[in-house]
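Data file: final.txt. Format and content: compact mmCIF, C-alpha atoms and all ligand atoms.
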```txt
# COMPACT_ATOMS: atom_id res chain seq x y z
CA LEU A 1 19.96 -7.01 6.61
CA ALA A 2 18.09 -5.16 3.87
CA SER A 3 21.02 -5.21 1.48
CA ARG A 4 21.96 -7.56 -1.35
CA ALA A 5 25.31 -8.04 0.37
CA TYR A 6 23.48 -9.80 3.21
CA ARG A 7 21.09 -11.78 1.03
CA ASN A 8 21.21 -11.95 -2.72
CA SER A 9 18.03 -13.89 -3.52
CA PRO A 10 14.79 -11.89 -3.58
CA THR A 11 12.66 -11.97 -0.44
CA VAL A 12 9.20 -13.34 -1.13
CA VAL A 13 6.67 -12.21 1.46
CA LYS A 14 3.98 -14.84 1.91
CA VAL A 15 0.50 -13.88 3.04
CA GLY A 16 -1.47 -17.12 3.16
CA ASP A 17 -1.10 -18.49 -0.35
CA LEU A 18 -0.19 -15.10 -1.84
CA GLU A 19 3.39 -14.23 -2.65
CA ILE A 20 4.65 -10.67 -2.88
CA GLY A 21 8.00 -10.51 -4.62
CA GLY A 22 7.47 -13.80 -6.45
CA ASP A 23 6.80 -14.34 -10.13
CA THR A 24 3.48 -12.52 -10.36
CA ILE A 25 2.24 -8.99 -9.78
CA GLN A 26 0.03 -8.47 -6.74
CA VAL A 27 -2.46 -5.63 -6.66
CA MET A 28 -3.85 -4.21 -3.43
CA ALA A 29 -6.75 -1.87 -3.98
CA GLY A 30 -9.67 -0.24 -2.25
CA PRO A 31 -10.92 3.04 -0.91
CA CYS A 32 -8.64 5.45 0.95
CA ALA A 33 -10.85 5.13 4.02
CA VAL A 34 -13.45 2.64 5.17
CA GLU A 35 -16.56 4.85 5.21
CA SER A 36 -19.51 2.49 5.63
CA ARG A 37 -20.47 -1.17 5.30
CA ASP A 38 -22.09 -0.57 1.94
CA GLN A 39 -19.13 1.39 0.55
CA LEU A 40 -16.57 -1.15 1.76
CA LEU A 41 -18.38 -4.29 0.62
CA LYS A 42 -19.03 -2.76 -2.81
CA SER A 43 -15.36 -1.84 -3.04
CA ALA A 44 -14.27 -5.34 -2.01
CA MET A 45 -16.49 -7.00 -4.60
CA LEU A 46 -15.38 -4.74 -7.38
CA VAL A 47 -11.65 -5.00 -6.71
CA ARG A 48 -11.90 -8.78 -6.48
CA GLU A 49 -13.87 -9.02 -9.69
CA ALA A 50 -11.24 -6.96 -11.47
CA GLY A 51 -8.48 -9.31 -10.24
CA ALA A 52 -6.93 -7.69 -7.15
CA THR A 53 -5.84 -10.06 -4.38
CA MET A 54 -5.79 -7.66 -1.46
CA LEU A 55 -8.22 -5.09 -0.12
CA ARG A 56 -6.61 -1.95 1.21
CA GLY A 57 -8.52 0.63 3.19
CA GLY A 58 -7.85 2.82 6.18
CA ALA A 59 -9.65 2.61 9.51
CA PHE A 60 -7.19 5.01 11.17
CA LYS A 61 -6.40 7.85 8.79
CA PRO A 62 -3.44 10.25 9.07
CA ARG A 63 -5.19 13.40 7.76
CA THR A 64 -3.40 16.69 7.24
CA SER A 65 -6.22 18.59 8.94
CA PRO A 66 -7.60 17.54 12.32
CA TYR A 67 -11.05 18.54 11.03
CA SER A 68 -11.03 16.02 8.16
CA PHE A 69 -12.60 12.56 8.48
CA GLN A 70 -10.27 10.53 10.70
CA GLY A 71 -11.59 7.04 10.00
CA LEU A 72 -14.05 4.61 11.60
CA GLU A 73 -11.35 3.08 13.83
CA GLU A 74 -12.34 -0.33 15.27
CA LYS A 75 -15.67 -0.34 13.44
CA GLY A 76 -13.68 0.08 10.21
CA LEU A 77 -11.45 -2.86 11.15
CA GLU A 78 -14.51 -5.04 11.77
CA LEU A 79 -15.86 -4.13 8.34
CA LEU A 80 -12.52 -5.02 6.74
CA ALA A 81 -12.64 -8.41 8.45
CA GLU A 82 -16.20 -8.91 7.21
CA ALA A 83 -15.07 -8.06 3.66
CA ARG A 84 -12.29 -10.66 3.96
CA GLU A 85 -14.84 -13.29 5.01
CA LEU A 86 -17.05 -12.46 2.06
CA THR A 87 -14.42 -12.20 -0.64
CA GLY A 88 -11.29 -14.02 0.49
CA LEU A 89 -9.26 -10.86 -0.16
CA ARG A 90 -6.36 -10.24 2.24
CA ILE A 91 -6.55 -7.07 4.28
CA VAL A 92 -3.99 -4.26 4.28
CA THR A 93 -4.57 -1.36 6.65
CA GLU A 94 -2.57 1.37 8.31
CA VAL A 95 -1.42 1.42 11.90
CA MET A 96 -0.63 4.94 13.11
CA ASP A 97 0.64 4.53 16.63
CA ALA A 98 1.98 1.93 18.99
CA SER A 99 -1.09 1.93 21.21
CA THR A 100 -3.29 0.47 18.44
CA ILE A 101 -0.90 -2.15 16.98
CA GLU A 102 -2.47 -5.04 18.85
CA LEU A 103 -5.95 -3.98 17.79
CA VAL A 104 -5.07 -3.47 14.12
CA ALA A 105 -3.00 -6.68 14.00
CA LYS A 106 -6.03 -8.63 15.20
CA TYR A 107 -7.84 -7.77 11.94
CA ALA A 108 -5.16 -7.11 9.32
CA ASP A 109 -3.06 -9.46 7.19
CA ILE A 110 -0.50 -6.74 6.39
CA LEU A 111 0.21 -3.66 8.54
CA GLN A 112 0.83 -0.46 6.62
CA ILE A 113 3.23 2.19 7.89
CA GLY A 114 2.31 5.46 6.21
CA THR A 115 4.65 8.01 4.75
CA ARG A 116 4.43 10.26 7.83
CA ASN A 117 5.59 7.48 10.13
CA MET A 118 8.42 6.06 8.03
CA GLN A 119 10.98 7.38 10.49
CA ASN A 120 8.96 6.76 13.64
CA PHE A 121 11.56 4.27 14.79
CA PHE A 122 9.80 3.31 18.01
CA LEU A 123 6.66 2.47 16.04
CA LEU A 124 8.67 0.50 13.46
CA ARG A 125 10.19 -1.68 16.19
CA GLU A 126 6.84 -2.31 17.82
CA VAL A 127 5.12 -3.11 14.53
CA ALA A 128 7.94 -5.52 13.67
CA ARG A 129 7.31 -7.38 16.92
CA SER A 130 3.66 -7.99 15.98
CA GLY A 131 5.03 -10.61 13.57
CA LYS A 132 2.77 -9.41 10.76
CA PRO A 133 4.12 -8.50 7.31
CA VAL A 134 4.77 -4.76 7.09
CA LEU A 135 4.10 -2.49 4.11
CA LEU A 136 6.58 0.35 4.55
CA LYS A 137 5.71 3.45 2.56
CA ARG A 138 8.52 5.77 1.60
CA GLY A 139 8.65 9.05 3.53
CA SER A 140 7.69 11.84 1.17
CA SER A 141 11.00 13.61 1.80
CA SER A 142 13.14 10.53 2.41
CA THR A 143 16.08 9.33 0.40
CA ILE A 144 16.26 5.71 -0.69
CA GLU A 145 18.98 5.14 1.89
CA GLU A 146 16.80 6.52 4.71
CA TRP A 147 13.95 4.31 3.52
CA LEU A 148 16.11 1.19 3.52
CA LEU A 149 17.40 2.08 6.99
CA ALA A 150 13.80 2.36 8.18
CA ALA A 151 13.22 -1.16 6.78
CA GLU A 152 16.35 -2.20 8.65
CA TYR A 153 14.66 -1.32 11.96
CA ILE A 154 11.95 -3.88 11.19
CA LEU A 155 14.35 -6.55 9.94
CA ALA A 156 16.60 -6.05 12.97
CA GLU A 157 13.68 -7.09 15.21
CA GLY A 158 13.61 -10.44 13.41
CA ASN A 159 10.64 -9.65 11.16
CA HIS A 160 11.77 -10.34 7.58
CA ASN A 161 8.43 -9.72 5.92
CA VAL A 162 8.88 -6.17 4.72
CA ILE A 163 7.35 -4.83 1.51
CA LEU A 164 8.56 -1.41 0.36
CA CYS A 165 6.12 1.01 -1.26
CA GLU A 166 7.15 3.98 -3.41
CA ARG A 167 4.42 6.63 -3.14
CA GLY A 168 5.98 9.76 -4.55
CA VAL A 169 8.26 12.38 -3.08
CA ARG A 170 7.97 16.15 -2.63
CA THR A 171 9.44 18.24 -5.40
CA PHE A 172 8.90 21.75 -6.84
CA GLU A 173 6.23 20.31 -9.16
CA SER A 174 2.75 21.22 -7.99
CA TYR A 175 0.53 19.95 -10.79
CA THR A 176 0.69 16.50 -9.27
CA ARG A 177 0.35 15.82 -5.55
CA ASN A 178 3.88 14.40 -5.32
CA THR A 179 6.39 13.26 -7.92
CA LEU A 180 6.44 9.52 -8.50
CA ASP A 181 10.05 8.40 -8.25
CA LEU A 182 10.05 5.34 -10.46
CA THR A 183 13.83 5.33 -10.37
CA ALA A 184 13.40 3.96 -6.87
CA VAL A 185 12.13 0.65 -8.26
CA PRO A 186 15.27 -0.52 -10.08
CA VAL A 187 17.53 1.22 -7.54
CA VAL A 188 15.93 -0.54 -4.56
CA LYS A 189 15.95 -3.83 -6.47
CA TYR A 190 19.66 -3.37 -7.06
CA LEU A 191 20.45 -2.44 -3.46
CA SER A 192 18.02 -4.70 -1.64
CA HIS A 193 16.34 -8.11 -1.84
CA LEU A 194 13.04 -6.75 -0.48
CA PRO A 195 9.93 -6.59 -2.68
CA VAL A 196 8.87 -3.16 -3.94
CA ILE A 197 5.40 -2.06 -4.91
CA VAL A 198 4.26 1.30 -6.28
CA ASP A 199 1.38 3.53 -5.21
CA PRO A 200 0.68 5.86 -8.15
CA SER A 201 -2.54 7.13 -6.53
CA HIS A 202 -0.91 9.10 -3.69
CA ALA A 203 2.06 10.03 -5.86
CA ILE A 204 -0.03 11.72 -8.53
CA GLY A 205 -3.23 12.70 -6.75
CA LYS A 206 -5.28 12.79 -9.98
CA TRP A 207 -7.07 9.67 -11.21
CA ARG A 208 -6.45 10.37 -14.88
CA PHE A 209 -2.72 9.75 -14.58
CA VAL A 210 -2.87 6.73 -12.30
CA GLU A 211 -3.16 4.06 -14.98
CA PRO A 212 -0.27 5.21 -17.20
CA MET A 213 2.03 5.36 -14.17
CA ALA A 214 0.79 1.99 -12.93
CA ARG A 215 1.80 0.54 -16.29
CA ALA A 216 5.16 2.29 -16.07
CA ALA A 217 5.70 0.90 -12.56
CA ILE A 218 5.14 -2.65 -13.73
CA ALA A 219 7.39 -2.08 -16.73
CA ALA A 220 10.08 -0.78 -14.32
CA GLY A 221 9.98 -4.04 -12.37
CA ALA A 222 7.64 -3.37 -9.44
CA ASP A 223 6.28 -6.43 -7.63
CA GLY A 224 2.84 -4.95 -7.25
CA LEU A 225 0.62 -1.91 -7.02
CA LEU A 226 -1.41 -0.05 -4.43
CA ILE A 227 -4.38 1.61 -6.11
CA GLU A 228 -7.18 3.70 -4.63
CA VAL A 229 -10.61 2.74 -5.97
CA HIS A 230 -14.01 3.97 -4.83
CA PRO A 231 -17.51 2.88 -5.94
CA ASN A 232 -18.35 6.58 -6.29
CA PRO A 233 -15.21 8.77 -6.16
CA ALA A 234 -17.24 12.01 -6.27
CA GLU A 235 -18.63 11.17 -2.83
CA ALA A 236 -15.46 9.84 -1.23
CA LEU A 237 -14.67 11.22 2.24
CA CYS A 238 -10.99 11.02 1.49
CA ASP A 239 -8.83 11.18 -1.68
CA GLY A 240 -11.74 11.17 -4.15
CA PRO A 241 -9.82 13.06 -6.87
CA GLN A 242 -7.22 10.29 -7.14
CA SER A 243 -9.63 7.36 -6.78
CA LEU A 244 -10.50 5.27 -9.80
CA THR A 245 -14.07 4.40 -10.69
CA PRO A 246 -14.88 0.69 -10.90
CA GLU A 247 -14.69 0.88 -14.71
CA ASN A 248 -11.33 2.63 -14.72
CA PHE A 249 -9.91 0.14 -12.24
CA GLN A 250 -11.05 -2.74 -14.42
CA ALA A 251 -9.35 -1.14 -17.41
CA LEU A 252 -6.15 -0.67 -15.39
CA MET A 253 -6.12 -4.33 -14.39
CA GLN A 254 -6.59 -5.44 -17.99
CA ASN A 255 -3.92 -3.13 -19.29
CA ILE A 256 -1.24 -4.07 -16.76
CA GLY A 257 -1.99 -7.72 -17.57
CA ALA A 258 -0.58 -7.04 -21.01
CA ILE A 259 2.78 -6.10 -19.44
CA ALA A 260 3.22 -8.79 -16.81
CA GLU A 261 1.38 -11.70 -15.22
CA VAL A 262 -1.06 -10.50 -12.61
CA THR A 263 -2.67 -12.71 -9.99
C1 LIG B 301 -2.65 6.01 2.41
O1 LIG B 301 -2.02 5.05 1.92
O2 LIG B 301 -3.89 6.02 2.55
C2 LIG B 301 -1.89 7.20 2.79
C3 LIG B 301 -2.35 8.07 3.67
O3 LIG B 301 -0.76 7.27 2.10
P1 LIG B 301 0.62 8.00 2.43
O4 LIG B 301 1.00 7.53 3.80
O5 LIG B 301 1.51 7.47 1.35
O6 LIG B 301 0.38 9.47 2.32
MN MN B 302 -5.50 7.88 0.46
```
In structure tokens, what does this structure look like?
Amino acid sequence: LASRAYRNSPTVVKVGDLEIGGDTIQVMAGPCAVESRDQLLKSAMLVREAGATMLRGGAFKPRTSPYSFQGLEEKGLELLAEARELTGLRIVTEVMDASTIELVAKYADILQIGTRNMQNFFLLREVARSGKPVLLKRGSSSTIEEWLLAAEYILAEGNHNVILCERGVRTFESYTRNTLDLTAVPVVKYLSHLPVIVDPSHAIGKWRFVEPMARAAIAAGADGLLIEVHPNPAEALCDGPQSLTPENFQALMQNIGAIAEVT
């Protein structure tokens, strides 16, 4: 179902009046984690002003250490919904396990499956049944074929609104957090009709290199971007080193606009 042999015309995922996989580039941006009302509303205002159409932030966070900030959970979801009311931005947020799908789906416009859960097939099936569009991040050690087969689990449940997200893979290189596999963009576009967006923030892990790779992603044909932005990255509870300042995010939005039409 994910392949071009099944369907040759590109899938356009519609979220209200937004189209992902259509003629324009969609940018989802926001802080790694929802931390407070003030932090989230500031983030929402600044990403909207810069031209993003979706606010992305985590209320349930899959942290490597159990002692790191784990997210505000339902309180975080309520704040995301408040930010949507205030700004009109669509909400993208991660769902980590089957027991919270109903809760997260009540607040979110798009459900994110994180890299660690890409092959959690039970979760994929259950998320598909929520009927919400799914943002499927590539597993950090997954091949393109494994990634497309994970998408297949969602499609096979009758949910055709799948957006793929390249977020870097593990390699021997340690200067960056992961290695952004931009090859995946044209390869997935050749193999599949599904839209593909790129997350340079988690791929690289260092804010300085996010904008050049965002530009490269758009030039490679990506349908959109996922960018981490924080009103004050130095104080972020999660992923501060890769988060753009408001000024740097604005510059990114202007500079990708020179490559392709952004809405
Ligand atoms: C995230 O998007 O906040 C995240 C944790 O990313 P990944 O699943 O790609 O590591
Ligand atoms: Mn993050």
Using all atoms listed in the file, find each protein or nucleic acid residue lying at most 9 Å from ligand MN 302 (chain B); present the set as an mmCIF file with C-alpha atoms, in the coordinates of the input.
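Resulting contents of selection-v2.cif:
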```
data_model
loop_
_atom_site.group_PDB
_atom_site.id
_atom_site.type_symbol
_atom_site.label_atom_id
_atom_site.label_comp_id
_atom_site.auth_asym_id
_atom_site.auth_seq_id
_atom_site.Cartn_x
_atom_site.Cartn_y
_atom_site.Cartn_z
ATOM 1 C CA PRO A 31 -10.920 3.040 -0.910
ATOM 2 C CA CYS A 32 -8.640 5.450 0.950
ATOM 3 C CA ALA A 33 -10.850 5.130 4.020
ATOM 4 C CA GLY A 57 -8.520 0.630 3.190
ATOM 5 C CA GLY A 58 -7.850 2.820 6.180
ATOM 6 C CA LYS A 61 -6.400 7.850 8.790
ATOM 7 C CA SER A 201 -2.540 7.130 -6.530
ATOM 8 C CA HIS A 202 -0.910 9.100 -3.690
ATOM 9 C CA GLY A 205 -3.230 12.700 -6.750
ATOM 10 C CA GLU A 228 -7.180 3.700 -4.630
ATOM 11 C CA CYS A 238 -10.990 11.020 1.490
ATOM 12 C CA ASP A 239 -8.830 11.180 -1.680
ATOM 13 C CA GLY A 240 -11.740 11.170 -4.150
ATOM 14 C CA GLN A 242 -7.220 10.290 -7.140
ATOM 15 C CA SER A 243 -9.630 7.360 -6.780
#
```
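Around ligand LIG 301 (chain B), using all atoms listed in the file and a cut-off of 8 Å, the residues in contact are Cys32, Ala33, Gly57, Gly58, Lys61, Pro62, Arg63, Glu94, Gln112, Ile113, Gly114, Thr115, Arg116, Asn117, Lys137, Arg138, Gly139, Ser140, Arg167, Gly168, Asp199, His202 and Ala203 of chain A.
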Determine, using all atoms listed in the file, which residues of segment 121-228 of chain A have any atom at most 7 Å from an atom of segment 107-111 of chain A, and tabulate each with its shortest atom pair and distance in Å to one decimal place, rows ordered by chain and then rising number, as a tab-separated table.
```
residue	atom	partner	partner_atom	distance
A:Lys132	CA	A:Ile110	CA	6.1
A:Pro133	CA	A:Ile110	CA	5.0
A:Val134	CA	A:Leu111	CA	4.9
A:Leu135	CA	A:Leu111	CA	6.0
```
Distance query 7 Å from (6.4, 8.5, -10.8) using only C-alpha atoms, result as a compact mmCIF listing (two decimals) with C-alpha atoms, keeping the file's coordinate frame:
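To be explicit, this is the file written out as out-v8.txt:
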```
# COMPACT_ATOMS: atom_id res chain seq x y z
CA GLY A 168 5.98 9.76 -4.55
CA THR A 179 6.39 13.26 -7.92
CA LEU A 180 6.44 9.52 -8.50
CA ASP A 181 10.05 8.40 -8.25
CA LEU A 182 10.05 5.34 -10.46
CA PRO A 200 0.68 5.86 -8.15
CA ALA A 203 2.06 10.03 -5.86
CA MET A 213 2.03 5.36 -14.17
```
Correct to one decimal, the distance atom CA of Leu149 of chain A-atom CA of Arg177 of chain A is 25.2 Å
Expressed in Å, the length from atom CA of Lys106 of chain A to atom CA of Glu74 of chain A is 10.4 Å
Atom CA of Ile256 of chain A to atom CA of Gly224 of chain A measures 10.4 Å
The residue from A:Ile25, A:Leu86, A:Met96, A:Val162 with the smallest atom-to-atom distance to Ala214 of chain A, counting only C-alpha atoms, is A:Ile25
Take segment 64-88 of chain A, bring it up to N, CA and C atoms, and give me the output as a short mmCIF file (atom, residue, chain, number, x, y, z; two decimals), keeping the file's coordinate frame.
```
data_model
loop_
_atom_site.label_atom_id
_atom_site.label_comp_id
_atom_site.auth_asym_id
_atom_site.auth_seq_id
_atom_site.Cartn_x
_atom_site.Cartn_y
_atom_site.Cartn_z
N THR A 64 -4.16 15.46 7.07
CA THR A 64 -3.40 16.69 7.24
C THR A 64 -4.13 17.65 8.19
N SER A 65 -5.45 17.72 8.05
CA SER A 65 -6.22 18.59 8.94
C SER A 65 -6.93 17.78 10.02
N PRO A 66 -6.90 18.27 11.25
CA PRO A 66 -7.60 17.54 12.32
C PRO A 66 -9.12 17.59 12.15
N TYR A 67 -9.60 18.44 11.23
CA TYR A 67 -11.05 18.54 11.03
C TYR A 67 -11.55 17.62 9.92
N SER A 68 -10.62 16.97 9.20
CA SER A 68 -11.03 16.02 8.16
C SER A 68 -11.42 14.68 8.79
N PHE A 69 -12.17 13.90 8.04
CA PHE A 69 -12.60 12.56 8.48
C PHE A 69 -11.39 11.74 8.92
N GLN A 70 -11.45 11.21 10.12
CA GLN A 70 -10.27 10.53 10.70
C GLN A 70 -10.36 9.01 10.64
N GLY A 71 -11.46 8.49 10.11
CA GLY A 71 -11.59 7.04 10.00
C GLY A 71 -12.57 6.47 11.01
N LEU A 72 -13.05 5.24 10.73
CA LEU A 72 -14.05 4.61 11.60
C LEU A 72 -13.41 3.82 12.74
N GLU A 73 -12.10 3.77 12.77
CA GLU A 73 -11.35 3.08 13.83
C GLU A 73 -11.80 1.62 13.94
N GLU A 74 -12.10 1.12 15.16
CA GLU A 74 -12.34 -0.33 15.27
C GLU A 74 -13.51 -0.81 14.42
N LYS A 75 -14.53 0.02 14.30
CA LYS A 75 -15.67 -0.34 13.44
C LYS A 75 -15.17 -0.59 12.00
N GLY A 76 -14.26 0.24 11.55
CA GLY A 76 -13.68 0.08 10.21
C GLY A 76 -12.91 -1.23 10.09
N LEU A 77 -12.20 -1.59 11.16
CA LEU A 77 -11.45 -2.86 11.15
C LEU A 77 -12.41 -4.04 11.07
N GLU A 78 -13.52 -3.95 11.80
CA GLU A 78 -14.51 -5.04 11.77
C GLU A 78 -15.08 -5.19 10.37
N LEU A 79 -15.32 -4.06 9.70
CA LEU A 79 -15.86 -4.13 8.34
C LEU A 79 -14.84 -4.74 7.38
N LEU A 80 -13.56 -4.42 7.58
CA LEU A 80 -12.52 -5.02 6.74
C LEU A 80 -12.50 -6.54 6.93
N ALA A 81 -12.63 -6.97 8.18
CA ALA A 81 -12.64 -8.41 8.45
C ALA A 81 -13.87 -9.08 7.81
N GLU A 82 -14.99 -8.37 7.84
CA GLU A 82 -16.20 -8.91 7.21
C GLU A 82 -15.98 -9.04 5.69
N ALA A 83 -15.35 -8.03 5.11
CA ALA A 83 -15.07 -8.06 3.66
C ALA A 83 -14.14 -9.22 3.32
N ARG A 84 -13.20 -9.51 4.20
CA ARG A 84 -12.29 -10.66 3.96
C ARG A 84 -13.09 -11.97 3.97
N GLU A 85 -14.00 -12.08 4.93
CA GLU A 85 -14.84 -13.29 5.01
C GLU A 85 -15.63 -13.48 3.72
N LEU A 86 -16.18 -12.38 3.23
CA LEU A 86 -17.05 -12.46 2.06
C LEU A 86 -16.30 -12.72 0.77
N THR A 87 -15.10 -12.19 0.66
CA THR A 87 -14.42 -12.20 -0.64
C THR A 87 -13.15 -13.03 -0.67
N GLY A 88 -12.58 -13.32 0.48
CA GLY A 88 -11.29 -14.02 0.49
C GLY A 88 -10.11 -13.10 0.26
#
```
